[in-house]
file my_file_5.cif (mmCIF, C-alpha atoms)
data_data
loop_
_atom_site.group_PDB
_atom_site.id
_atom_site.type_symbol
_atom_site.label_atom_id
_atom_site.label_comp_id
_atom_site.auth_asym_id
_atom_site.auth_seq_id
_atom_site.Cartn_x
_atom_site.Cartn_y
_atom_site.Cartn_z
ATOM 1 C CA MET K 1 0.000 0.000 0.000
ATOM 2 C CA ILE K 2 1.231 3.473 -0.892
ATOM 3 C CA LYS K 3 0.387 6.733 0.837
ATOM 4 C CA ARG K 4 1.562 10.123 -0.339
ATOM 5 C CA PHE K 5 2.362 13.161 1.774
ATOM 6 C CA GLU K 6 3.576 16.691 1.298
ATOM 7 C CA ILE K 7 4.997 19.413 3.537
ATOM 8 C CA LEU K 8 2.376 22.154 3.822
ATOM 9 C CA ASP K 9 2.702 25.052 6.271
ATOM 10 C CA ASP K 10 5.515 23.210 8.051
ATOM 11 C CA LYS K 11 3.295 20.158 8.561
ATOM 12 C CA VAL K 12 3.258 16.731 6.941
ATOM 13 C CA VAL K 13 -0.182 16.214 5.405
ATOM 14 C CA GLU K 14 -1.543 13.404 3.254
ATOM 15 C CA THR K 15 -2.240 14.137 -0.387
ATOM 16 C CA LYS K 16 -3.429 12.394 -3.552
ATOM 17 C CA ASP K 17 -0.844 14.073 -5.753
ATOM 18 C CA VAL K 18 1.210 11.385 -7.520
ATOM 19 C CA GLN K 19 4.129 13.831 -7.700
ATOM 20 C CA SER K 20 4.179 14.453 -3.947
ATOM 21 C CA PRO K 21 7.638 14.631 -2.322
ATOM 22 C CA ILE K 22 6.978 11.941 0.311
ATOM 23 C CA PHE K 23 6.012 8.360 -0.516
ATOM 24 C CA LEU K 24 5.125 5.931 2.258
ATOM 25 C CA TYR K 25 5.214 2.254 1.299
ATOM 26 C CA ILE K 26 3.406 0.099 3.876
ATOM 27 C CA ILE K 27 4.200 -3.628 3.664
ATOM 28 C CA PRO K 28 5.048 -3.354 -0.039
ATOM 29 C CA ASP K 29 3.969 -6.281 -2.186
ATOM 30 C CA ASP K 30 6.076 -7.816 -4.952
ATOM 31 C CA ASN K 31 4.887 -5.314 -7.571
ATOM 32 C CA GLU K 32 5.647 -2.345 -5.330
ATOM 33 C CA LYS K 33 9.067 -3.767 -4.482
ATOM 34 C CA ARG K 34 9.796 -4.206 -8.178
ATOM 35 C CA GLU K 35 8.782 -0.585 -8.785
ATOM 36 C CA LEU K 36 11.145 0.619 -6.064
ATOM 37 C CA ILE K 37 13.986 -1.442 -7.479
ATOM 38 C CA ASP K 38 13.456 -0.686 -11.166
ATOM 39 C CA LYS K 39 12.127 2.862 -11.123
ATOM 40 C CA TYR K 40 13.982 4.345 -8.156
ATOM 41 C CA LYS K 41 17.105 2.153 -8.381
ATOM 42 C CA ILE K 42 16.891 1.059 -4.760
ATOM 43 C CA ASP K 43 19.122 -1.893 -3.972
ATOM 44 C CA GLU K 44 17.060 -5.044 -3.403
ATOM 45 C CA HIS K 45 19.075 -6.105 -0.360
ATOM 46 C CA THR K 46 18.740 -2.661 1.205
ATOM 47 C CA LEU K 47 15.009 -2.673 0.506
ATOM 48 C CA ASN K 48 14.606 -6.047 2.187
ATOM 49 C CA SER K 49 16.701 -4.797 5.096
ATOM 50 C CA SER K 50 14.125 -2.084 5.797
ATOM 51 C CA LEU K 51 11.558 -4.858 6.380
ATOM 52 C CA ASP K 52 13.833 -7.174 8.379
ATOM 53 C CA PRO K 53 13.481 -6.773 12.199
ATOM 54 C CA ASP K 54 16.932 -8.326 12.724
ATOM 55 C CA GLU K 55 18.762 -5.880 10.441
ATOM 56 C CA LEU K 56 21.201 -3.414 11.981
ATOM 57 C CA SER K 57 20.851 0.336 11.499
ATOM 58 C CA ARG K 58 23.086 1.678 8.784
ATOM 59 C CA LEU K 59 23.735 4.491 6.318
ATOM 60 C CA GLU K 60 24.535 3.898 2.648
ATOM 61 C CA PHE K 61 25.269 6.357 -0.151
ATOM 62 C CA GLU K 62 23.978 5.383 -3.582
ATOM 63 C CA PRO K 63 24.569 7.326 -6.826
ATOM 64 C CA ASP K 64 21.210 9.110 -6.734
ATOM 65 C CA HIS K 65 19.944 8.661 -3.174
ATOM 66 C CA ILE K 66 20.877 8.001 0.442
ATOM 67 C CA ALA K 67 19.611 4.847 2.163
ATOM 68 C CA ILE K 68 18.969 5.003 5.912
ATOM 69 C CA ILE K 69 17.919 1.905 7.861
ATOM 70 C CA PHE K 70 17.096 2.376 11.545
ATOM 71 C CA LYS K 71 15.327 0.563 14.359
ATOM 72 C CA ARG K 72 12.075 1.526 16.052
ATOM 73 C CA PRO K 73 9.987 -0.203 18.749
ATOM 74 C CA GLU K 74 6.822 -1.937 17.692
ATOM 75 C CA ASN K 75 3.550 -0.664 19.103
ATOM 76 C CA TYR K 76 2.441 -2.501 22.243
ATOM 77 C CA ILE K 77 -1.125 -3.751 21.685
ATOM 78 C CA ASP K 78 -1.392 -7.187 23.366
ATOM 79 C CA LYS K 79 -1.666 -6.942 27.156
ATOM 80 C CA SER K 80 -1.246 -10.691 27.514
ATOM 81 C CA GLN K 81 2.122 -10.577 25.754
ATOM 82 C CA LEU K 82 4.778 -8.542 27.543
ATOM 83 C CA LEU K 83 7.535 -9.203 25.018
ATOM 84 C CA LEU K 84 8.176 -5.876 23.306
ATOM 85 C CA LYS K 85 9.837 -6.232 19.936
ATOM 86 C CA VAL K 86 11.588 -3.921 17.509
ATOM 87 C CA SER K 87 11.277 -3.509 13.772
ATOM 88 C CA SER K 88 13.299 -1.877 11.024
ATOM 89 C CA MET K 89 12.357 1.078 8.893
ATOM 90 C CA GLY K 90 13.883 2.352 5.681
ATOM 91 C CA VAL K 91 14.154 5.926 4.426
ATOM 92 C CA PHE K 92 15.501 6.510 0.911
ATOM 93 C CA LEU K 93 16.348 10.159 0.508
ATOM 94 C CA PHE K 94 16.495 11.571 -3.020
ATOM 95 C CA LYS K 95 17.149 15.161 -3.989
ATOM 96 C CA GLU K 96 13.465 16.002 -4.377
ATOM 97 C CA ARG K 97 11.763 13.039 -2.744
ATOM 98 C CA ALA K 98 11.808 10.833 0.328
ATOM 99 C CA ILE K 99 10.584 7.245 0.134
ATOM 100 C CA ILE K 100 9.744 5.592 3.446
ATOM 101 C CA VAL K 101 9.283 1.822 3.733
ATOM 102 C CA ILE K 102 7.743 0.274 6.841
ATOM 103 C CA PRO K 103 6.787 -3.365 7.592
ATOM 104 C CA LYS K 104 3.522 -2.544 9.406
ATOM 105 C CA ASP K 105 0.665 -0.109 8.976
ATOM 106 C CA ILE K 106 1.156 2.555 11.638
ATOM 107 C CA VAL K 107 0.291 6.226 12.013
ATOM 108 C CA LEU K 108 3.664 7.738 11.293
ATOM 109 C CA PHE K 109 3.313 11.531 11.314
ATOM 110 C CA ASP K 110 1.069 12.034 14.332
ATOM 111 C CA ALA K 111 3.734 12.944 16.881
ATOM 112 C CA LYS K 112 4.499 16.420 18.151
ATOM 113 C CA VAL K 113 7.933 16.374 16.537
ATOM 114 C CA PHE K 114 6.332 16.743 13.081
ATOM 115 C CA LEU K 115 4.657 20.089 13.814
ATOM 116 C CA LYS K 116 7.461 22.119 12.242
ATOM 117 C CA VAL K 117 8.978 20.257 9.297
ATOM 118 C CA SER K 118 10.670 22.398 6.679
ATOM 119 C CA THR K 119 12.721 20.091 4.414
ATOM 120 C CA LEU K 120 13.112 16.414 3.564
ATOM 121 C CA ASN K 121 16.341 16.298 5.555
ATOM 122 C CA ASP K 122 14.427 17.721 8.489
ATOM 123 C CA LEU K 123 11.779 15.040 8.003
ATOM 124 C CA VAL K 124 14.387 12.267 8.232
ATOM 125 C CA LEU K 125 15.810 13.666 11.459
ATOM 126 C CA ARG K 126 12.351 13.954 12.980
ATOM 127 C CA LEU K 127 11.594 10.336 12.079
ATOM 128 C CA LEU K 128 14.703 9.354 14.027
ATOM 129 C CA ASN K 129 13.643 11.618 16.891
ATOM 130 C CA ARG K 130 10.191 10.033 16.937
ATOM 131 C CA ALA K 131 11.728 6.563 17.206
ATOM 132 C CA ILE K 132 13.835 7.652 20.199
ATOM 133 C CA ASN K 133 10.803 9.189 21.921
ATOM 134 C CA HIS K 134 8.961 5.935 21.282
ATOM 135 C CA TYR K 135 11.756 4.033 23.033
ATOM 136 C CA PHE K 136 11.558 6.432 25.991
ATOM 137 C CA ALA K 137 7.809 5.837 26.312
ATOM 138 C CA HIS K 138 8.211 2.067 26.174
ATOM 139 C CA ILE K 139 11.016 2.041 28.748
ATOM 140 C CA ASN K 140 8.863 4.082 31.129
ATOM 141 C CA ALA K 141 5.995 1.647 30.530
ATOM 142 C CA ILE K 142 8.315 -1.295 31.259
ATOM 143 C CA ASN K 143 9.330 0.319 34.555
ATOM 144 C CA MET K 144 5.698 0.794 35.572
ATOM 145 C CA ILE K 145 4.772 -2.768 34.598
ATOM 146 C CA SER K 146 7.752 -4.179 36.489
ATOM 147 C CA ASP K 147 6.748 -2.212 39.618
ATOM 148 C CA GLU K 148 3.254 -3.669 39.376
ATOM 149 C CA LEU K 149 4.635 -7.172 38.914
ATOM 150 C CA GLU K 150 6.931 -6.758 41.924
ATOM 151 C CA SER K 151 3.969 -5.974 44.172
ATOM 152 C CA LYS K 152 2.197 -9.087 42.893
ATOM 153 C CA ILE K 153 5.283 -11.251 43.403
ATOM 154 C CA ASN K 154 5.228 -10.414 47.132
ATOM 155 C CA MET K 155 2.042 -12.480 47.401
ATOM 156 C CA ALA K 156 2.663 -14.905 44.523
ATOM 157 C CA MET K 157 2.812 -18.702 44.874
ATOM 158 C CA GLU K 158 3.568 -19.416 41.212
ATOM 159 C CA ASN K 159 6.105 -18.436 38.552
ATOM 160 C CA LYS K 160 3.754 -16.527 36.240
ATOM 161 C CA TYR K 161 4.848 -13.069 37.364
ATOM 162 C CA LEU K 162 8.503 -14.082 37.375
ATOM 163 C CA ILE K 163 8.168 -15.213 33.762
ATOM 164 C CA ASN K 164 6.627 -11.832 32.926
ATOM 165 C CA LEU K 165 9.643 -10.091 34.460
ATOM 166 C CA PHE K 166 11.992 -12.308 32.469
ATOM 167 C CA THR K 167 10.073 -11.306 29.333
ATOM 168 C CA LEU K 168 10.424 -7.601 30.157
ATOM 169 C CA GLU K 169 14.141 -8.088 30.741
ATOM 170 C CA LYS K 170 14.419 -9.773 27.344
ATOM 171 C CA SER K 171 12.584 -6.831 25.763
ATOM 172 C CA LEU K 172 15.096 -4.415 27.292
ATOM 173 C CA VAL K 173 17.960 -6.424 25.807
ATOM 174 C CA TYR K 174 16.359 -6.011 22.366
ATOM 175 C CA TYR K 175 15.952 -2.300 23.024
ATOM 176 C CA LEU K 176 19.560 -1.879 24.128
ATOM 177 C CA ASN K 177 20.832 -3.492 20.934
ATOM 178 C CA SER K 178 18.517 -1.400 18.778
ATOM 179 C CA ILE K 179 19.248 1.911 20.512
ATOM 180 C CA ASN K 180 22.970 1.248 20.302
ATOM 181 C CA SER K 181 22.603 0.445 16.598
ATOM 182 C CA ASN K 182 20.710 3.705 16.067
ATOM 183 C CA GLY K 183 23.478 5.525 17.919
ATOM 184 C CA VAL K 184 26.040 4.248 15.436
ATOM 185 C CA LEU K 185 23.795 5.466 12.608
ATOM 186 C CA LEU K 186 23.468 8.918 14.181
ATOM 187 C CA ASP K 187 27.247 9.180 14.501
ATOM 188 C CA LYS K 188 27.602 8.367 10.810
ATOM 189 C CA LEU K 189 24.990 10.981 9.928
ATOM 190 C CA LYS K 190 26.918 13.558 11.920
ATOM 191 C CA ILE K 191 30.194 12.665 10.187
ATOM 192 C CA SER K 192 28.488 12.817 6.771
ATOM 193 C CA ALA K 193 26.462 15.972 7.513
ATOM 194 C CA ALA K 194 28.182 18.037 4.831
ATOM 195 C CA LYS K 195 27.803 15.287 2.226
ATOM 196 C CA ILE K 196 24.097 14.872 3.005
ATOM 197 C CA GLY K 197 23.543 18.622 2.988
ATOM 198 C CA PHE K 198 22.337 19.325 6.518
ATOM 199 C CA THR K 199 21.881 22.984 7.351
ATOM 200 C CA GLN K 200 23.181 24.445 10.611
ATOM 201 C CA THR K 201 19.711 24.174 12.158
ATOM 202 C CA GLU K 202 19.400 20.557 11.089
ATOM 203 C CA LEU K 203 22.876 19.817 12.423
ATOM 204 C CA GLU K 204 21.882 21.262 15.795
ATOM 205 C CA LEU K 205 18.777 19.053 15.750
ATOM 206 C CA LEU K 206 20.985 16.052 14.990
ATOM 207 C CA GLU K 207 23.164 16.928 18.001
ATOM 208 C CA ASP K 208 20.053 17.007 20.213
ATOM 209 C CA ILE K 209 18.906 13.654 18.833
ATOM 210 C CA LEU K 210 22.310 12.156 19.585
ATOM 211 C CA ILE K 211 22.081 13.348 23.193
ATOM 212 C CA ASP K 212 18.543 11.975 23.525
ATOM 213 C CA ASN K 213 19.622 8.623 22.093
ATOM 214 C CA ASN K 214 22.511 8.371 24.572
ATOM 215 C CA GLN K 215 20.175 9.199 27.455
ATOM 216 C CA CYS K 216 17.685 6.641 26.184
ATOM 217 C CA TYR K 217 20.406 3.982 26.067
ATOM 218 C CA ARG K 218 21.516 4.741 29.621
ATOM 219 C CA GLN K 219 17.947 4.624 30.884
ATOM 220 C CA ALA K 220 17.334 1.267 29.205
ATOM 221 C CA GLU K 221 20.637 -0.030 30.568
ATOM 222 C CA ILE K 222 19.779 1.013 34.135
ATOM 223 C CA SER K 223 16.335 -0.590 33.915
ATOM 224 C CA SER K 224 17.827 -3.785 32.497
ATOM 225 C CA ASN K 225 20.469 -3.961 35.232
ATOM 226 C CA ILE K 226 17.865 -3.445 37.954
ATOM 227 C CA LEU K 227 15.640 -6.197 36.597
ATOM 228 C CA ALA K 228 18.573 -8.588 36.200
ATOM 229 C CA SER K 229 20.173 -7.910 39.596
ATOM 230 C CA LEU K 230 16.963 -8.358 41.585
ATOM 231 C CA MET K 231 15.628 -11.360 39.690
ATOM 232 C CA ASP K 232 17.178 -13.912 42.092
ATOM 233 C CA ALA K 233 15.727 -12.075 45.085
ATOM 234 C CA ARG K 234 12.274 -12.091 43.521
ATOM 235 C CA ALA K 235 12.551 -15.808 42.792
ATOM 236 C CA SER K 236 13.479 -16.356 46.455
ATOM 237 C CA ILE K 237 10.382 -14.405 47.525
ATOM 238 C CA VAL K 238 8.128 -16.731 45.545
ATOM 239 C CA GLY K 239 9.862 -19.781 47.065
ATOM 240 C CA ASN K 240 9.587 -18.320 50.565
ATOM 241 C CA ASN K 241 5.886 -17.561 50.087
ATOM 242 C CA LEU K 242 5.325 -21.178 49.126
ATOM 243 C CA ASN K 243 7.262 -22.383 52.191
ATOM 244 C CA VAL K 244 5.172 -20.174 54.493
ATOM 245 C CA LEU K 245 1.992 -21.529 52.936
ATOM 246 C CA MET K 246 3.130 -25.141 53.374
ATOM 247 C CA LYS K 247 4.085 -24.471 57.032
ATOM 248 C CA THR K 248 0.670 -22.962 57.733
ATOM 249 C CA LEU K 249 -1.093 -25.914 56.112
ATOM 250 C CA ASN K 250 0.999 -28.368 58.157
ATOM 251 C CA ILE K 251 0.133 -26.604 61.403
ATOM 252 C CA ILE K 252 -3.556 -26.605 60.505
ATOM 253 C CA THR K 253 -3.313 -30.312 59.680
ATOM 254 C CA ILE K 254 -1.692 -31.069 63.053
ATOM 255 C CA GLY K 255 -4.312 -28.956 64.812
ATOM 256 C CA ILE K 256 -7.064 -31.027 63.221
ATOM 257 C CA MET K 257 -5.370 -34.401 63.756
ATOM 258 C CA VAL K 258 -4.959 -34.074 67.569
ATOM 259 C CA PRO K 259 -8.672 -33.676 68.456
ATOM 260 C CA THR K 260 -9.497 -36.263 65.801
ATOM 261 C CA PHE K 261 -7.206 -38.711 67.611
ATOM 262 C CA VAL K 262 -8.938 -38.019 70.943
ATOM 263 C CA VAL K 263 -12.395 -38.591 69.495
ATOM 264 C CA SER K 264 -11.246 -41.699 67.610
ATOM 265 C CA ALA K 265 -9.772 -43.227 70.777
ATOM 266 C CA PHE K 266 -13.172 -43.112 72.452
ATOM 267 C CA SER K 267 -14.936 -44.485 69.372
ATOM 268 C CA MET K 268 -13.385 -47.977 69.391
ATOM 269 C CA ASN K 269 -15.710 -50.986 69.595
ATOM 270 C CA VAL K 270 -14.134 -52.257 72.846
ATOM 271 C CA GLY K 271 -14.589 -51.446 76.456
ATOM 272 C CA ILE K 272 -13.367 -47.946 77.160
ATOM 273 C CA PRO K 273 -13.341 -45.622 80.185
ATOM 274 C CA LEU K 274 -16.399 -43.436 80.708
ATOM 275 C CA GLN K 275 -18.446 -45.796 78.567
ATOM 276 C CA GLN K 276 -21.352 -45.737 81.045
ATOM 277 C CA HIS K 277 -20.838 -42.205 82.288
ATOM 278 C CA PRO K 278 -23.884 -39.983 81.649
ATOM 279 C CA PHE K 279 -21.708 -37.038 80.587
ATOM 280 C CA ALA K 280 -19.225 -39.069 78.519
ATOM 281 C CA PHE K 281 -19.942 -37.129 75.306
ATOM 282 C CA TYR K 282 -19.283 -33.746 76.894
ATOM 283 C CA ILE K 283 -16.140 -34.973 78.634
ATOM 284 C CA ILE K 284 -14.733 -36.325 75.339
ATOM 285 C CA MET K 285 -15.561 -33.068 73.523
ATOM 286 C CA GLY K 286 -13.862 -31.153 76.342
ATOM 287 C CA LEU K 287 -10.720 -33.273 75.976
ATOM 288 C CA ALA K 288 -10.718 -32.620 72.220
ATOM 289 C CA LEU K 289 -11.097 -28.888 72.832
ATOM 290 C CA CYS K 290 -8.254 -28.982 75.364
ATOM 291 C CA SER K 291 -6.020 -30.731 72.833
ATOM 292 C CA VAL K 292 -6.737 -27.999 70.281
ATOM 293 C CA SER K 293 -5.972 -25.330 72.878
ATOM 294 C CA LEU K 294 -2.701 -27.094 73.721
ATOM 295 C CA VAL K 295 -1.649 -27.095 70.042
ATOM 296 C CA ILE K 296 -2.470 -23.382 69.715
ATOM 297 C CA PHE K 297 -0.531 -22.613 72.917
ATOM 298 C CA LEU K 298 2.558 -24.477 71.718
ATOM 299 C CA TRP K 299 2.246 -22.878 68.246
ATOM 300 C CA ARG K 300 2.378 -19.385 69.683
ATOM 301 C CA LYS K 301 4.987 -20.149 72.363
ATOM 302 C CA LYS K 302 7.355 -21.703 69.805
ATOM 303 C CA LYS K 303 6.485 -18.899 67.294
ATOM 304 C CA TRP K 304 5.823 -21.389 64.545
#
call {"tool": "encode", "arguments": {"input": "my_file_5.cif", "output": "structure tokens"}}
result
Amino acid sequence: MIKRFEILDDKVVETKDVQSPIFLYIIPDDNEKRELIDKYKIDEHTLNSSLDPDELSRLEFEPDHIAIIFKRPENYIDKSQLLLKVSSMGVFLFKERAIIVIPKDIVLFDAKVFLKVSTLNDLVLRLLNRAINHYFAHINAINMISDELESKINMAMENKYLINLFTLEKSLVYYLNSINSNGVLLDKLKISAAKIGFTQTELELLEDILIDNNQCYRQAEISSNILASLMDARASIVGNNLNVLMKTLNIITIGIMVPTFVVSAFSMNVGIPLQQHPFAFYIIMGLALCSVSLVIFLWRKKKW
């Protein structure tokens, strides 16, 4: 699917003009891929890289365009699945046109960073900035989810919440690799700023994006280290909760068995004391109650 956009009043707006400066290819089919390869001379491997979630971010200079592949987090939509993944995105920058290739249908130009777009170079930088802001939002969400899971682990008797934390930790590892890969790309863009044709304003924006990316990496690294370092302690909490539960059940079982033994002793089909006593039933019940009281007394005295 193809969508077309133009820069109007410093905003990116959708248009039907076939000569628009911004083409957005969403999950391109074979015919659209062939058009990109034949008409726009985009390398087939580079095109496939923009759709490959395992591809590293990179910058390539072709005779008539610049190819930029970078990583962005996928939108989180499934609450039952805490594994947050990343995907690749390709931007092919020509002199008068920018072609964007994405592997999923998403709303791309809705963020605040696209309110003041002046050139195609500016558009590329703001796409990178949007990806970094997306990482920030996801890392903050991971921190909030992990805090909620920690409170549930304090009362947990099973491994479900631990597995969720492991999944979040795995997501952060993916994010660290992707953010680091984007950082390498940003460094290359800075080195090649003159060749690409960045203005002074755009170069200052690139510097800000580099700083934001470094901060994003450090934040993801801190969150990952916290999750990893406390994972053993959280596993011990679950095991301890189970031990406490088993101890309580054992004490309850003992408390029930003692009066049961007393009652059973006086229920045998042989001659027993108090057999003819008129208050035998009440005496036996009293002995059972005393045995329960004795168990409770020992329980509290021994602080079981």
call {"tool": "resolve_selection", "arguments": {"input": "my_file_5.cif", "expression": "the PyMOL selection byres ((chain K and resi 145) around 12)", "output": "list of chain:residue names"}}
result
K:Lys79, K:Leu82, K:Leu83, K:His138, K:Ile139, K:Asn140, K:Ala141, K:Ile142, K:Asn143, K:Met144, K:Ser146, K:Asp147, K:Glu148, K:Leu149, K:Glu150, K:Ser151, K:Lys152, K:Tyr161, K:Asn164, K:Leu165, K:Thr167, K:Leu168, K:Glu169, K:Ser223, K:Leu227
call {"tool": "residues_around", "arguments": {"input": "my_file_5.cif", "residues": "Arg72 in chain K", "least_positions_apart": "3", "cutoff": "9 Å", "atoms": "all atoms listed in the file", "output": "ChimeraX atom specification"}}
result
/K:85-89,128,130-132,134-135,175,178-179,182
call {"tool": "residues_around", "arguments": {"input": "my_file_5.cif", "residues": "Glu60 in chain K", "least_positions_apart": "4", "cutoff": "9 Å", "atoms": "all atoms listed in the file", "output": "list in words"}}
result
Thr46, His65, Ile66, Ala67, Ile68 and Ile69 of chain K
call {"tool": "resolve_selection", "arguments": {"input": "my_file_5.cif", "expression": "the PyMOL selection byres ((chain K and resi 198-215) around 10)", "output": "number ranges by chain"}}
result
K: 118-119, 121-123, 125-126, 128-133, 135-136, 179-180, 182-187, 189-190, 192-197, 216-221
call {"tool": "write_last_selection", "arguments": {"input": "my_file_5.cif", "atoms": "C-alpha atoms", "output": "PDB file, in the frame of the given file"}}
result
ATOM      1  CA  SER K 118      10.670  22.398   6.679  1.00  0.00           C
ATOM      2  CA  THR K 119      12.721  20.091   4.414  1.00  0.00           C
ATOM      3  CA  ASN K 121      16.341  16.298   5.555  1.00  0.00           C
ATOM      4  CA  ASP K 122      14.427  17.721   8.489  1.00  0.00           C
ATOM      5  CA  LEU K 123      11.779  15.040   8.003  1.00  0.00           C
ATOM      6  CA  LEU K 125      15.810  13.666  11.459  1.00  0.00           C
ATOM      7  CA  ARG K 126      12.351  13.954  12.980  1.00  0.00           C
ATOM      8  CA  LEU K 128      14.703   9.354  14.027  1.00  0.00           C
ATOM      9  CA  ASN K 129      13.643  11.618  16.891  1.00  0.00           C
ATOM     10  CA  ARG K 130      10.191  10.033  16.937  1.00  0.00           C
ATOM     11  CA  ALA K 131      11.728   6.563  17.206  1.00  0.00           C
ATOM     12  CA  ILE K 132      13.835   7.652  20.199  1.00  0.00           C
ATOM     13  CA  ASN K 133      10.803   9.189  21.921  1.00  0.00           C
ATOM     14  CA  TYR K 135      11.756   4.033  23.033  1.00  0.00           C
ATOM     15  CA  PHE K 136      11.558   6.432  25.991  1.00  0.00           C
ATOM     16  CA  ILE K 179      19.248   1.911  20.512  1.00  0.00           C
ATOM     17  CA  ASN K 180      22.970   1.248  20.302  1.00  0.00           C
ATOM     18  CA  ASN K 182      20.710   3.705  16.067  1.00  0.00           C
ATOM     19  CA  GLY K 183      23.478   5.525  17.919  1.00  0.00           C
ATOM     20  CA  VAL K 184      26.040   4.248  15.436  1.00  0.00           C
ATOM     21  CA  LEU K 185      23.795   5.466  12.608  1.00  0.00           C
ATOM     22  CA  LEU K 186      23.468   8.918  14.181  1.00  0.00           C
ATOM     23  CA  ASP K 187      27.247   9.180  14.501  1.00  0.00           C
ATOM     24  CA  LEU K 189      24.990  10.981   9.928  1.00  0.00           C
ATOM     25  CA  LYS K 190      26.918  13.558  11.920  1.00  0.00           C
ATOM     26  CA  SER K 192      28.488  12.817   6.771  1.00  0.00           C
ATOM     27  CA  ALA K 193      26.462  15.972   7.513  1.00  0.00           C
ATOM     28  CA  ALA K 194      28.182  18.037   4.831  1.00  0.00           C
ATOM     29  CA  LYS K 195      27.803  15.287   2.226  1.00  0.00           C
ATOM     30  CA  ILE K 196      24.097  14.872   3.005  1.00  0.00           C
ATOM     31  CA  GLY K 197      23.543  18.622   2.988  1.00  0.00           C
ATOM     32  CA  CYS K 216      17.685   6.641  26.184  1.00  0.00           C
ATOM     33  CA  TYR K 217      20.406   3.982  26.067  1.00  0.00           C
ATOM     34  CA  ARG K 218      21.516   4.741  29.621  1.00  0.00           C
ATOM     35  CA  GLN K 219      17.947   4.624  30.884  1.00  0.00           C
ATOM     36  CA  ALA K 220      17.334   1.267  29.205  1.00  0.00           C
ATOM     37  CA  GLU K 221      20.637  -0.030  30.568  1.00  0.00           C
TER      38      GLU K 221
END
call {"tool": "atom_distance", "arguments": {"input": "my_file_5.cif", "atom1": "CA of Asn75 in chain K", "atom2": "CA of Pro28 in chain K"}}
result
19.4 Å
call {"tool": "atom_distance", "arguments": {"input": "my_file_5.cif", "atom1": "CA of His45 in chain K", "atom2": "CA of Leu176 in chain K"}}
result
24.9 Å
call {"tool": "resolve_selection", "arguments": {"input": "my_file_5.cif", "expression": "the PyMOL selection byres ((chain K and resi 100) around 6)", "output": "list in words"}}
result
Leu24, Gly90, Val91, Ile99 and Val101 of chain K
call {"tool": "atom_distance", "arguments": {"input": "my_file_5.cif", "atom1": "CA of Ala137 in chain K", "atom2": "CA of Val173 in chain K"}}
result
15.9 Å
call {"tool": "closest_residue", "arguments": {"input": "my_file_5.cif", "among": "K:Asp64, K:Ile191, K:Lys116, K:Glu32", "to": "Ile7 in chain K", "atoms": "only C-alpha atoms"}}
result
K:Lys116
